[in-house]
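Structure file final_1.csv (CSV, C-alpha atoms and all ligand atoms) is printed below.
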```csv
chain,number,residue,atom,x,y,z
A,856,MET,CA,-18.8,-7.8,3.5
A,857,THR,CA,-17.6,-4.8,1.3
A,858,HIS,CA,-18.3,-4.2,-2.4
A,859,SER,CA,-16.2,-2.6,-5.1
A,860,ASP,CA,-16.0,-2.7,-8.9
A,861,VAL,CA,-12.7,-4.5,-9.0
A,862,ILE,CA,-10.5,-6.4,-6.5
A,863,ILE,CA,-6.8,-6.5,-7.3
A,864,VAL,CA,-4.9,-9.4,-5.8
A,865,GLY,CA,-1.3,-8.2,-5.1
A,866,ALA,CA,0.0,-4.7,-4.5
A,867,GLY,CA,3.3,-5.0,-6.4
A,868,PRO,CA,4.2,-2.4,-9.1
A,869,CYS,CA,1.6,-3.9,-11.5
A,870,GLY,CA,-1.2,-4.1,-8.9
A,871,LEU,CA,-0.6,-0.5,-8.0
A,872,PHE,CA,-0.6,0.7,-11.6
A,873,GLN,CA,-3.7,-1.4,-12.3
A,874,ALA,CA,-5.5,0.5,-9.5
A,875,PHE,CA,-4.4,3.8,-11.1
A,876,GLN,CA,-5.6,2.8,-14.6
A,877,LEU,CA,-9.0,1.6,-13.1
A,878,GLY,CA,-9.2,4.9,-11.3
A,879,LEU,CA,-8.8,6.8,-14.6
A,880,GLN,CA,-11.7,4.7,-15.9
A,881,GLY,CA,-13.8,5.9,-12.9
A,882,LEU,CA,-13.8,2.5,-11.3
A,883,ARG,CA,-13.5,1.8,-7.5
A,884,CYS,CA,-11.1,-0.9,-6.4
A,885,GLN,CA,-9.6,-2.6,-3.4
A,886,LEU,CA,-6.3,-4.4,-3.2
A,887,ILE,CA,-5.2,-7.3,-1.1
A,888,GLU,CA,-1.5,-7.8,-0.2
A,889,ALA,CA,0.3,-10.5,1.7
A,890,LEU,CA,3.1,-8.1,2.9
A,891,PRO,CA,2.6,-5.2,5.3
A,892,PHE,CA,3.6,-2.8,2.5
A,893,SER,CA,3.2,-2.3,-1.2
A,894,GLY,CA,5.7,-2.6,-4.0
A,895,GLY,CA,6.1,-6.4,-4.3
A,896,GLN,CA,9.5,-7.5,-5.5
A,897,CYS,CA,10.7,-3.9,-5.8
A,898,THR,CA,10.3,-3.2,-2.1
A,899,GLU,CA,11.0,-6.7,-0.7
A,900,LEU,CA,13.9,-7.9,-2.9
A,901,TYR,CA,15.8,-4.9,-4.2
A,902,PRO,CA,14.6,-1.6,-2.6
A,903,ASP,CA,17.9,0.2,-3.0
A,904,LYS,CA,18.8,-1.0,-6.5
A,905,PRO,CA,18.5,1.3,-9.5
A,906,ILE,CA,16.0,0.7,-12.3
A,907,TYR,CA,17.0,2.2,-15.6
A,908,ASP,CA,14.1,1.1,-17.9
A,909,ILE,CA,11.0,2.9,-16.7
A,910,PRO,CA,10.0,5.1,-19.7
A,911,GLY,CA,10.9,8.7,-19.2
A,912,VAL,CA,12.7,8.1,-15.9
A,913,PRO,CA,16.4,7.6,-16.6
A,914,VAL,CA,17.0,6.1,-13.2
A,915,LEU,CA,15.3,5.6,-9.8
A,916,ASP,CA,15.6,3.2,-6.9
A,917,ALA,CA,13.1,0.4,-6.8
A,918,LYS,CA,11.6,1.7,-3.5
A,919,GLN,CA,11.3,5.2,-5.1
A,920,LEU,CA,9.3,3.6,-8.0
A,921,ARG,CA,6.9,2.2,-5.4
A,922,ASP,CA,6.7,5.6,-3.7
A,923,GLN,CA,6.0,7.3,-7.0
A,924,LEU,CA,3.3,4.7,-8.0
A,925,GLU,CA,1.6,5.3,-4.6
A,926,LYS,CA,1.7,9.1,-5.1
A,927,GLN,CA,0.3,8.8,-8.6
A,928,LEU,CA,-2.5,6.6,-7.2
A,929,LYS,CA,-3.4,9.0,-4.4
A,930,PRO,CA,-6.3,10.7,-6.2
A,931,PHE,CA,-8.2,7.4,-6.2
A,932,SER,CA,-7.2,6.4,-2.6
A,933,PRO,CA,-8.1,2.7,-2.9
A,934,VAL,CA,-8.2,0.6,0.3
A,935,ILE,CA,-5.2,-1.8,0.5
A,936,HIS,CA,-5.8,-4.8,2.8
A,937,PHE,CA,-2.3,-5.7,4.0
A,938,ASN,CA,-1.0,-8.8,5.8
A,939,GLN,CA,-3.3,-11.3,4.2
A,940,THR,CA,-3.4,-13.6,1.2
A,941,VAL,CA,-6.3,-14.4,-1.0
A,942,ASP,CA,-7.5,-17.9,-0.4
A,943,SER,CA,-10.5,-18.3,-2.7
A,944,ILE,CA,-12.2,-16.5,-5.6
A,945,GLU,CA,-15.7,-17.8,-6.1
A,946,SER,CA,-18.2,-16.8,-8.8
A,947,ASN,CA,-21.4,-15.6,-7.4
A,948,ALA,CA,-24.1,-17.1,-9.7
A,949,GLU,CA,-26.5,-14.1,-9.3
A,950,GLY,CA,-23.8,-11.5,-9.9
A,951,SER,CA,-22.3,-13.5,-12.9
A,952,ALA,CA,-25.6,-13.5,-14.7
A,953,LEU,CA,-25.6,-9.7,-14.5
A,954,LEU,CA,-22.0,-9.2,-15.6
A,955,ASN,CA,-22.9,-8.1,-19.1
A,956,GLU,CA,-25.5,-5.6,-17.9
A,957,PRO,CA,-24.9,-2.1,-16.5
A,958,SER,CA,-25.5,-3.4,-13.0
A,959,ASN,CA,-23.5,-2.8,-9.8
A,960,GLU,CA,-24.3,-6.3,-8.6
A,961,PRO,CA,-21.1,-8.1,-7.5
A,962,GLY,CA,-20.1,-11.1,-9.5
A,963,LEU,CA,-17.2,-12.6,-7.5
A,964,THR,CA,-16.6,-13.3,-3.8
A,965,VAL,CA,-13.0,-13.2,-2.6
A,966,THR,CA,-12.0,-14.5,0.8
A,967,THR,CA,-8.6,-13.9,2.6
A,968,SER,CA,-6.5,-15.6,5.2
A,969,ALA,CA,-7.5,-12.9,7.7
A,970,GLY,CA,-11.2,-13.9,7.3
A,971,LEU,CA,-12.1,-10.9,5.1
A,972,THR,CA,-14.8,-11.4,2.5
A,973,LEU,CA,-15.0,-8.9,-0.3
A,974,GLN,CA,-17.3,-8.8,-3.3
A,975,SER,CA,-16.7,-7.3,-6.7
A,976,ARG,CA,-17.8,-7.5,-10.3
A,977,TYR,CA,-14.2,-8.2,-11.5
A,978,VAL,CA,-10.9,-9.4,-10.2
A,979,VAL,CA,-7.4,-8.7,-11.5
A,980,ILE,CA,-4.7,-11.0,-10.4
A,981,ALA,CA,-1.4,-9.3,-10.0
A,982,THR,CA,0.4,-11.8,-7.8
A,983,GLY,CA,3.8,-11.7,-9.5
A,984,ALA,CA,6.2,-14.2,-8.2
A,985,GLY,CA,3.8,-15.3,-5.4
A,986,ALA,CA,2.7,-14.2,-2.0
A,987,PHE,CA,5.6,-13.0,0.0
A,988,THR,CA,5.6,-14.7,3.4
A,989,PRO,CA,8.1,-14.7,6.3
A,990,VAL,CA,11.0,-17.0,6.0
A,991,LYS,CA,10.8,-19.4,9.0
A,992,LEU,CA,13.5,-20.7,11.3
A,993,ARG,CA,14.7,-24.2,10.6
A,994,THR,CA,15.7,-25.0,14.1
A,995,GLU,CA,14.3,-28.4,15.0
A,996,GLY,CA,11.2,-28.4,17.2
A,997,ILE,CA,11.0,-24.6,17.3
A,998,GLU,CA,7.7,-24.4,15.5
A,999,LYS,CA,5.8,-25.6,18.6
A,1000,PHE,CA,6.3,-22.2,20.1
A,1001,GLU,CA,5.0,-20.3,17.1
A,1002,ASP,CA,2.4,-17.6,17.9
A,1003,ARG,CA,2.9,-18.1,21.6
A,1004,GLN,CA,6.6,-17.3,22.1
A,1005,LEU,CA,8.0,-17.3,18.6
A,1006,PHE,CA,6.7,-14.6,16.3
A,1007,TYR,CA,7.3,-13.8,12.6
A,1008,GLY,CA,4.8,-10.9,12.3
A,1009,LYS,CA,4.4,-7.7,14.3
A,1010,VAL,CA,4.3,-8.2,18.1
A,1011,GLY,CA,2.6,-5.7,20.4
A,1012,ILE,CA,4.9,-4.8,23.3
A,1013,GLU,CA,2.1,-5.5,25.7
A,1014,HIS,CA,2.3,-9.2,24.7
A,1015,LEU,CA,5.9,-9.5,25.8
A,1016,GLN,CA,6.3,-11.4,29.0
A,1017,GLN,CA,8.8,-9.8,31.4
A,1018,LYS,CA,9.7,-7.1,29.0
A,1019,GLN,CA,12.4,-9.2,27.4
A,1020,ALA,CA,13.0,-10.4,23.9
A,1021,VAL,CA,15.5,-11.9,21.4
A,1022,VAL,CA,15.2,-10.6,17.8
A,1023,THR,CA,16.9,-12.7,15.2
A,1024,GLY,CA,17.8,-11.8,11.6
A,1025,ASP,CA,20.2,-9.8,9.5
A,1026,THR,CA,17.5,-7.7,7.8
A,1027,SER,CA,16.8,-4.0,8.2
A,1028,ALA,CA,13.4,-5.1,9.7
A,1029,ALA,CA,15.3,-7.1,12.4
A,1030,ILE,CA,17.4,-4.1,13.2
A,1031,ASP,CA,14.4,-1.8,13.3
A,1032,THR,CA,12.4,-4.2,15.5
A,1033,ALA,CA,15.3,-4.5,18.0
A,1034,ILE,CA,15.6,-0.7,18.1
A,1035,GLU,CA,11.9,-0.3,18.6
A,1036,LEU,CA,11.7,-2.8,21.4
A,1037,ALA,CA,14.8,-1.6,23.2
A,1038,SER,CA,13.5,2.0,22.9
A,1039,ALA,CA,10.3,0.9,24.6
A,1040,ASP,CA,12.2,-0.3,27.6
A,1041,VAL,CA,12.2,-4.0,26.6
A,1042,SER,CA,15.5,-5.7,27.4
A,1043,THR,CA,16.5,-6.8,23.8
A,1044,VAL,CA,19.1,-9.0,22.2
A,1045,LEU,CA,19.7,-8.7,18.5
A,1046,LEU,CA,21.0,-12.0,17.3
A,1047,HIS,CA,22.6,-11.8,13.8
A,1048,ARG,CA,24.3,-14.4,11.7
A,1049,LYS,CA,26.3,-12.1,9.4
A,1050,ARG,CA,29.5,-10.8,10.9
A,1051,ARG,CA,28.7,-7.3,9.7
A,1052,LEU,CA,25.2,-6.0,9.7
A,1053,GLN,CA,24.1,-3.4,7.1
A,1054,ILE,CA,23.2,-0.6,9.4
A,1055,ASP,CA,22.4,2.9,8.2
A,1056,SER,CA,23.6,6.0,10.1
A,1057,ASP,CA,20.3,6.6,11.9
A,1058,GLN,CA,20.1,3.0,13.1
A,1059,GLN,CA,23.8,3.2,14.1
A,1060,ALA,CA,23.2,6.2,16.3
A,1061,HIS,CA,20.1,4.6,18.0
A,1062,ILE,CA,22.0,1.3,18.6
A,1063,ALA,CA,25.0,3.0,20.2
A,1064,GLN,CA,22.6,4.9,22.6
A,1065,LEU,CA,20.7,1.8,23.5
A,1066,GLN,CA,23.8,-0.2,24.0
A,1067,GLN,CA,25.1,2.4,26.5
A,1068,THR,CA,22.0,2.1,28.6
A,1069,ASN,CA,22.2,-1.8,28.4
A,1070,LYS,CA,18.8,-2.0,26.7
A,1071,LEU,CA,20.2,-3.6,23.6
A,1072,GLN,CA,22.8,-6.2,23.2
A,1073,LEU,CA,24.2,-7.5,19.8
A,1074,ILE,CA,25.3,-11.1,19.5
A,1075,ASN,CA,26.8,-12.6,16.4
A,1076,GLY,CA,25.9,-16.3,16.2
A,1077,LYS,CA,23.3,-18.8,15.2
A,1078,ILE,CA,20.6,-20.7,17.0
A,1079,LEU,CA,21.4,-24.4,17.5
A,1080,ARG,CA,18.5,-25.4,19.7
A,1081,ALA,CA,15.5,-24.1,21.5
A,1082,ALA,CA,15.4,-25.3,25.1
A,1083,GLY,CA,12.1,-25.9,26.9
A,1084,VAL,CA,9.4,-28.5,26.7
A,1085,ALA,CA,6.0,-26.7,27.0
A,1086,VAL,CA,7.4,-23.2,27.0
A,1087,LEU,CA,10.5,-21.7,25.5
A,1088,GLU,CA,13.1,-21.0,28.2
A,1089,ALA,CA,16.4,-20.5,26.4
A,1090,LEU,CA,18.2,-20.7,23.1
A,1091,GLU,CA,21.5,-22.5,22.6
A,1092,ILE,CA,23.6,-20.2,20.4
A,1093,GLN,CA,26.8,-21.0,18.6
A,1094,LEU,CA,28.9,-17.8,18.5
A,1095,GLN,CA,31.0,-16.6,15.7
A,1096,SER,CA,34.0,-17.8,17.7
A,1097,ARG,CA,32.3,-21.3,17.7
A,1098,ASP,CA,31.8,-21.1,21.5
A,1099,LYS,CA,28.4,-22.1,22.6
A,1100,ILE,CA,26.2,-20.2,25.1
A,1101,MET,CA,22.7,-20.5,26.6
A,1102,LEU,CA,20.7,-17.4,26.1
A,1103,PRO,CA,17.6,-17.3,28.4
A,1104,THR,CA,14.5,-15.9,26.7
A,1105,ASN,CA,10.8,-16.3,26.7
A,1106,THR,CA,10.1,-14.4,23.5
A,1107,LEU,CA,11.8,-14.9,20.1
A,1108,ILE,CA,11.0,-12.6,17.2
A,1109,ALA,CA,12.4,-13.7,13.8
A,1110,ARG,CA,12.8,-11.2,11.0
A,1111,LEU,CA,14.6,-13.3,8.4
A,1112,GLY,CA,13.0,-11.6,5.4
A,1113,ASN,CA,10.1,-12.8,3.1
A,1114,SER,CA,10.2,-15.2,0.2
A,1115,PRO,CA,7.5,-15.6,-2.5
A,1116,LYS,CA,5.3,-18.7,-2.1
A,1117,ASN,CA,3.5,-20.0,-5.2
A,1118,ASN,CA,-0.3,-19.5,-5.2
A,1119,LYS,CA,-2.4,-22.6,-5.7
A,1120,LEU,CA,-3.8,-21.3,-9.1
A,1121,GLU,CA,-5.6,-24.5,-9.8
A,1122,LYS,CA,-7.6,-23.9,-6.7
A,1123,TRP,CA,-8.8,-20.7,-8.4
A,1124,GLN,CA,-9.8,-22.8,-11.5
A,1125,LEU,CA,-7.4,-20.8,-13.7
A,1126,ALA,CA,-5.8,-22.3,-16.8
A,1127,THR,CA,-2.0,-22.2,-16.3
A,1128,GLN,CA,1.3,-23.2,-17.9
A,1129,HIS,CA,4.3,-23.7,-15.6
A,1130,ASN,CA,2.2,-22.1,-12.8
A,1131,LEU,CA,1.7,-18.9,-14.9
A,1132,ILE,CA,-1.8,-17.8,-15.8
A,1133,ASN,CA,-2.8,-18.1,-19.5
A,1134,VAL,CA,-4.3,-14.8,-20.7
A,1135,ASP,CA,-5.6,-13.4,-23.9
A,1136,PRO,CA,-3.0,-10.7,-24.8
A,1137,THR,CA,-5.7,-8.4,-26.3
A,1138,ASP,CA,-7.3,-7.7,-22.9
A,1139,PHE,CA,-5.5,-10.0,-20.4
A,1140,SER,CA,-8.6,-11.9,-19.5
A,1141,THR,CA,-8.2,-15.5,-18.2
A,1142,ASN,CA,-10.3,-18.6,-18.8
A,1143,ARG,CA,-12.6,-17.5,-15.9
A,1144,ASP,CA,-15.3,-14.9,-16.7
A,1145,ALA,CA,-14.6,-11.5,-15.1
A,1146,ILE,CA,-11.0,-12.5,-13.9
A,1147,TYR,CA,-8.0,-10.8,-15.5
A,1148,ALA,CA,-4.3,-11.3,-14.8
A,1149,VAL,CA,-1.4,-8.9,-15.3
A,1150,GLY,CA,2.3,-8.6,-14.5
A,1151,ASP,CA,4.7,-11.4,-13.7
A,1152,THR,CA,2.0,-13.9,-12.9
A,1153,ASN,CA,0.7,-14.2,-16.5
A,1154,THR,CA,1.9,-15.8,-19.7
A,1155,TYR,CA,1.1,-15.3,-23.4
A,1156,PRO,CA,3.2,-15.6,-26.6
A,1157,GLY,CA,6.1,-13.1,-26.4
A,1158,LYS,CA,5.6,-12.4,-22.6
A,1159,ARG,CA,8.5,-10.6,-20.9
A,1160,LYS,CA,8.6,-10.2,-17.1
A,1161,LEU,CA,9.3,-6.5,-17.1
A,1162,ILE,CA,7.5,-3.7,-15.1
A,1163,LEU,CA,6.9,-1.8,-18.3
A,1164,CYS,CA,5.1,-4.8,-19.9
A,1165,GLY,CA,3.0,-5.2,-16.7
A,1166,PHE,CA,2.0,-1.5,-17.0
A,1167,HIS,CA,0.8,-2.0,-20.6
A,1168,GLU,CA,-1.1,-5.1,-19.5
A,1169,ALA,CA,-2.8,-3.2,-16.7
A,1170,THR,CA,-3.8,-0.4,-19.0
A,1171,LEU,CA,-5.5,-2.7,-21.5
A,1172,ALA,CA,-7.2,-4.8,-18.7
A,1173,ALA,CA,-8.6,-1.6,-17.3
A,1174,PHE,CA,-10.1,-0.6,-20.7
A,1175,ALA,CA,-11.5,-4.1,-21.1
A,1176,ILE,CA,-13.2,-4.0,-17.7
A,1177,ALA,CA,-14.5,-0.5,-18.2
A,1178,LYS,CA,-16.0,-1.6,-21.5
A,1179,ARG,CA,-17.9,-4.5,-19.9
A,1180,MET,CA,-19.0,-2.2,-17.0
A,1181,GLN,CA,-20.7,0.0,-19.7
A,1182,SER,CA,-22.6,-2.8,-21.4
A,1183,CYS,CA,-19.8,-3.3,-23.9
A,1184,GLN,CA,-20.1,0.2,-25.3
A,1185,PRO,CA,-16.8,1.3,-26.9
A,1186,ILE,CA,-14.5,3.2,-24.5
A,1187,HIS,CA,-12.8,6.2,-26.2
A,1188,THR,CA,-9.1,6.8,-25.7
A,1189,LEU,CA,-8.8,10.0,-23.6
A,1190,TYR,CA,-5.6,11.9,-22.8
A,1191,THR,CA,-4.8,12.9,-19.3
A,1192,THR,CA,-3.3,16.1,-20.8
A,1193,THR,CA,-6.6,17.3,-22.4
A,1194,SER,CA,-9.6,15.3,-21.1
A,1195,THR,CA,-11.7,17.2,-18.7
A,1196,VAL,CA,-13.2,13.9,-17.3
A,1197,LEU,CA,-9.8,12.4,-16.6
A,1198,ARG,CA,-8.5,15.6,-15.1
A,1199,GLN,CA,-11.5,15.8,-12.8
A,1200,ARG,CA,-10.9,12.2,-11.8
A,1201,LEU,CA,-7.3,13.1,-11.1
A,1202,GLY,CA,-8.4,16.2,-9.1
A,1203,VAL,CA,-6.2,18.5,-11.3
A,1204,SER,CA,-8.8,20.4,-13.3
A,1301,LIG,C1,16.7,-8.2,-8.4
A,1301,LIG,C2,15.6,-7.8,-9.4
A,1301,LIG,C3,15.8,-6.7,-10.2
A,1301,LIG,C4,14.8,-6.4,-11.2
A,1301,LIG,N1,15.1,-5.3,-12.0
A,1301,LIG,C5,14.1,-5.0,-12.9
A,1301,LIG,C6,14.4,-3.9,-13.8
A,1301,LIG,O1,15.4,-3.2,-13.8
A,1301,LIG,N2,13.4,-3.5,-14.7
A,1301,LIG,C7,12.2,-4.3,-14.8
A,1301,LIG,O2,11.3,-3.9,-15.6
A,1301,LIG,N3,12.0,-5.3,-14.0
A,1301,LIG,C8,12.9,-5.7,-13.0
A,1301,LIG,N4,12.7,-6.8,-12.2
A,1301,LIG,C9,11.4,-7.5,-12.4
A,1301,LIG,C10,10.3,-6.7,-11.7
A,1301,LIG,O3,10.6,-6.5,-10.3
A,1301,LIG,C11,9.0,-7.6,-11.8
A,1301,LIG,O4,8.7,-7.7,-13.2
A,1301,LIG,C12,7.8,-6.8,-11.1
A,1301,LIG,O5,8.1,-6.7,-9.7
A,1301,LIG,C13,6.5,-7.6,-11.3
A,1301,LIG,O6,5.5,-6.9,-10.7
A,1301,LIG,P1,4.2,-7.6,-10.2
A,1301,LIG,O7,3.4,-6.5,-9.6
A,1301,LIG,O8,3.6,-8.4,-11.4
A,1301,LIG,O9,4.6,-8.7,-9.2
A,1301,LIG,P2,5.4,-8.6,-7.8
A,1301,LIG,O10,6.4,-7.5,-7.8
A,1301,LIG,O11,5.9,-10.0,-7.6
A,1301,LIG,O12,4.3,-8.3,-6.7
A,1301,LIG,C14,3.2,-9.2,-6.5
A,1301,LIG,C15,2.6,-8.9,-5.1
A,1301,LIG,O13,1.5,-9.7,-4.9
A,1301,LIG,C16,1.5,-10.3,-3.6
A,1301,LIG,N5,0.7,-11.5,-3.6
A,1301,LIG,C17,1.0,-12.7,-4.3
A,1301,LIG,N6,0.1,-13.6,-4.1
A,1301,LIG,C18,-0.8,-13.0,-3.2
A,1301,LIG,C19,-2.0,-13.5,-2.6
A,1301,LIG,N7,-2.5,-14.7,-2.9
A,1301,LIG,N8,-2.7,-12.7,-1.8
A,1301,LIG,C20,-2.2,-11.4,-1.5
A,1301,LIG,N9,-1.1,-10.9,-2.1
A,1301,LIG,C21,-0.4,-11.7,-2.9
A,1301,LIG,C22,3.0,-10.5,-3.3
A,1301,LIG,O14,3.1,-10.5,-1.9
A,1301,LIG,C23,3.6,-9.3,-4.0
A,1301,LIG,O15,3.7,-8.1,-3.1
A,1301,LIG,C24,13.6,-7.1,-11.3
A,1301,LIG,C25,13.4,-8.2,-10.4
A,1301,LIG,C26,14.4,-8.6,-9.5
A,1301,LIG,C27,14.2,-9.7,-8.6
```

Mind turning this structure into structure tokens?
Ligand SMILES: Cc1cc2nc3c(=O)[nH]c(=O)nc-3n(C[C@H](O)[C@H](O)[C@H](O)COP(=O)(O)OP(=O)(O)OC[C@H]3O[C@@H](n4cnc5c(N)ncnc54)[C@H](O)[C@@H]3O)c2cc1C
Amino acid sequence: MTHSDVIIVGAGPCGLFQAFQLGLQGLRCQLIEALPFSGGQCTELYPDKPIYDIPGVPVLDAKQLRDQLEKQLKPFSPVIHFNQTVDSIESNAEGSALLNEPSNEPGLTVTTSAGLTLQSRYVVIATGAGAFTPVKLRTEGIEKFEDRQLFYGKVGIEHLQQKQAVVTGDTSAAIDTAIELASADVSTVLLHRKRRLQIDSDQQAHIAQLQQTNKLQLINGKILRAAGVAVLEALEIQLQSRDKIMLPTNTLIARLGNSPKNNKLEKWQLATQHNLINVDPTDFSTNRDAIYAVGDTNTYPGKRKLILCGFHEATLAAFAIAKRMQSCQPIHTLYTTTSTVLRQRLGVS
């Protein structure tokens, strides 16, 4: 079990900026993120699209914003626990009693889908549109092969039987996975539904080379049926031409993208409205002691789901938490330009 001052649920743009603001306050935090990378909607839904309304930055791509937030956060190097969702947030009676005292006793216990247990004095929920989870195949009966022969997450090459696999999906992740496997000598088929895949020049060069050595084959079609009773033996595919083929395989890797899944906020005993967390807009506290909520997941009069607004919320939440950590002593506003303390924390003095 690891301890920190604050646990942030979600490493979208608001979760990342929350970690930065807590770092400026001298607080240690850890983040938990469902995806294998940070950036939330920016990275998952629109990485290459330009954003024009970040203050002082006329334009940058959404993925660049994520990269810049990570760079800004570097001086505080918080741990991010990827590939897992927060299941429960329980108040620890002993710690809660100490929350208004200058104690380092943890007050909350957070558990994740990967079996991790973390303790902290405060939690900030920055879960945005929900936990991004892999889109699943809808082929009837295919779910029985999941985790044995059908995989949605990362698969170690050593787990591939007979060094053969079908990767399905039109996403960049599908293309990269197919290239990675074929490059590691796995006989790979990339099965895609769109007639034209969006392939960048690097991927194009790799694919051409792997096709020449017969390590990679591209098939344009959709899965109609999974053949096999106890084990997956083949896939029935309808090609773009509408012809049907049987494609023998014992490993299917689906990379269909991720979609946000609503969190069960009532399970976390949070007061909500239309599945958004009610917060006090002066400090972004929720109805639960020591739990705050920022970004797209919260609601209050006048709320706008904009990155800029989430950044403001994260800043005030960090001040509120810092104040409580210091026995409710006032926290002075310091400037990163001139404050020796802040510059030391940032490692720039
Ligand atoms: C196409 C598009 C364009 C946009 N353009 C703009 C724009 O130009 N300007 C602007 O200001 N805004 C824009 N937005 C909105 C902006 O992206 C959101 O306001 C912003 O992403 C919200 O950030 P967030 O960190 O609150 O949530 P998110 O970005 O949704 O991130 C939340 C993260 O939390 C994770 N998570 C959720 N639940 C759990 C859990 N239980 N356990 C672990 N992890 C969890 C999710 O996987 C996700 O990574 C746009 C949105 C879209 C879809």

Hey, could you make a per-residue contact list for chain A against ligand LIG 1301 (chain A) with 8 Å as the cut-off, showing the nearest pair of atoms and its distance in Å to one decimal, counting only C-alpha atoms and all ligand atoms, sorted by chain and number, as a Markdown table?
```
| residue | atom | partner | partner_atom | distance |
| --- | --- | --- | --- | --- |
| A:Val864 | CA | A:LIG1301 | C20 | 5.5 |
| A:Gly865 | CA | A:LIG1301 | O13 | 3.2 |
| A:Ala866 | CA | A:LIG1301 | C15 | 5.0 |
| A:Gly867 | CA | A:LIG1301 | O12 | 3.5 |
| A:Pro868 | CA | A:LIG1301 | O7 | 4.2 |
| A:Cys869 | CA | A:LIG1301 | O7 | 3.7 |
| A:Gly870 | CA | A:LIG1301 | O7 | 5.2 |
| A:Leu871 | CA | A:LIG1301 | O7 | 7.4 |
| A:Ile887 | CA | A:LIG1301 | C20 | 5.1 |
| A:Glu888 | CA | A:LIG1301 | N9 | 3.7 |
| A:Ala889 | CA | A:LIG1301 | N9 | 4.1 |
| A:Leu890 | CA | A:LIG1301 | O14 | 5.4 |
| A:Phe892 | CA | A:LIG1301 | O15 | 7.7 |
| A:Ser893 | CA | A:LIG1301 | O15 | 6.1 |
| A:Gly894 | CA | A:LIG1301 | O15 | 5.9 |
| A:Gly895 | CA | A:LIG1301 | O15 | 3.2 |
| A:Gln896 | CA | A:LIG1301 | O10 | 3.9 |
| A:Cys897 | CA | A:LIG1301 | O3 | 5.2 |
| A:Glu899 | CA | A:LIG1301 | O15 | 7.8 |
| A:Leu900 | CA | A:LIG1301 | C27 | 6.0 |
| A:Tyr901 | CA | A:LIG1301 | C1 | 5.4 |
| A:Lys904 | CA | A:LIG1301 | C3 | 7.4 |
| A:Pro905 | CA | A:LIG1301 | O1 | 7.0 |
| A:Ile906 | CA | A:LIG1301 | O1 | 4.2 |
| A:Tyr907 | CA | A:LIG1301 | O1 | 5.9 |
| A:Asp908 | CA | A:LIG1301 | N2 | 5.6 |
| A:Ile909 | CA | A:LIG1301 | O2 | 6.9 |
| A:Ala917 | CA | A:LIG1301 | N1 | 8.0 |
| A:Phe937 | CA | A:LIG1301 | C20 | 7.9 |
| A:Asn938 | CA | A:LIG1301 | C20 | 7.8 |
| A:Gln939 | CA | A:LIG1301 | C20 | 5.8 |
| A:Thr940 | CA | A:LIG1301 | N8 | 3.2 |
| A:Val941 | CA | A:LIG1301 | N8 | 4.1 |
| A:Asp942 | CA | A:LIG1301 | N7 | 6.4 |
| A:Thr967 | CA | A:LIG1301 | N8 | 7.5 |
| A:Ala981 | CA | A:LIG1301 | O8 | 5.3 |
| A:Thr982 | CA | A:LIG1301 | C17 | 3.7 |
| A:Gly983 | CA | A:LIG1301 | O9 | 3.1 |
| A:Ala984 | CA | A:LIG1301 | O11 | 4.3 |
| A:Gly985 | CA | A:LIG1301 | C17 | 4.0 |
| A:Ala986 | CA | A:LIG1301 | C17 | 3.2 |
| A:Phe987 | CA | A:LIG1301 | O14 | 4.0 |
| A:Thr988 | CA | A:LIG1301 | O14 | 7.2 |
| A:Pro1115 | CA | A:LIG1301 | O14 | 6.8 |
| A:Lys1116 | CA | A:LIG1301 | N6 | 7.6 |
| A:Asn1117 | CA | A:LIG1301 | N6 | 7.3 |
| A:Asn1118 | CA | A:LIG1301 | N7 | 5.8 |
| A:Val1149 | CA | A:LIG1301 | O8 | 6.4 |
| A:Gly1150 | CA | A:LIG1301 | O8 | 3.4 |
| A:Asp1151 | CA | A:LIG1301 | O8 | 3.9 |
| A:Thr1152 | CA | A:LIG1301 | O8 | 5.9 |
| A:Lys1160 | CA | A:LIG1301 | O4 | 4.6 |
| A:Leu1161 | CA | A:LIG1301 | O2 | 3.6 |
| A:Ile1162 | CA | A:LIG1301 | O2 | 3.8 |
| A:Leu1163 | CA | A:LIG1301 | O2 | 5.6 |
| A:Cys1164 | CA | A:LIG1301 | O2 | 7.6 |
| A:Gly1165 | CA | A:LIG1301 | O8 | 6.2 |
```

### Task
Rounded to one decimal place, report the CA of Asn1075 (chain A)-CA of Ser1027 (chain A) distance in Å.
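That distance, rounded to one decimal, is 15.5 Å.
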
#### Entry: Close residues, region 1170-1177 of chain A itself excluded, 7 Å, only C-alpha atoms, min 2 positions apart in chain, as a list of chain:residue names
A:Gln873, A:Gln876, A:Leu877, A:Gln880, A:Asp1138, A:Phe1139, A:Tyr1147, A:Phe1166, A:His1167, A:Glu1168, A:Arg1179, A:Met1180, A:Gln1181, A:Ile1186

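Among A:Ala1082, A:Ile862, A:Val990, A:Ile980, the residue with the shortest atom-to-atom distance to Asn1133 (chain A), counting all atoms listed in the file, is A:Ile980.
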
### Separation of CA of Ile1074 (chain A) from CA of Lys1099 (chain A) in Å
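Computed distance, CA of Lys1099 (chain A) to CA of Ile1074 (chain A), equals 11.8 Å.
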
### Message
List as a ChimeraX atom specification the protein and nucleic acid residues near Leu924 (chain A), meaning an atom at most 7 Å away when only C-alpha atoms are counted, but skip any in the same chain fewer than 3 places from it.
### Response
/A:871-872,920-921,927-928

#### Entry: Distance query Leu992 (chain A) at most 9 Å, only C-alpha atoms, self and fewer than 3 positions along chain excluded, as a ChimeraX atom specification
/A:995,997-998,1109,1111
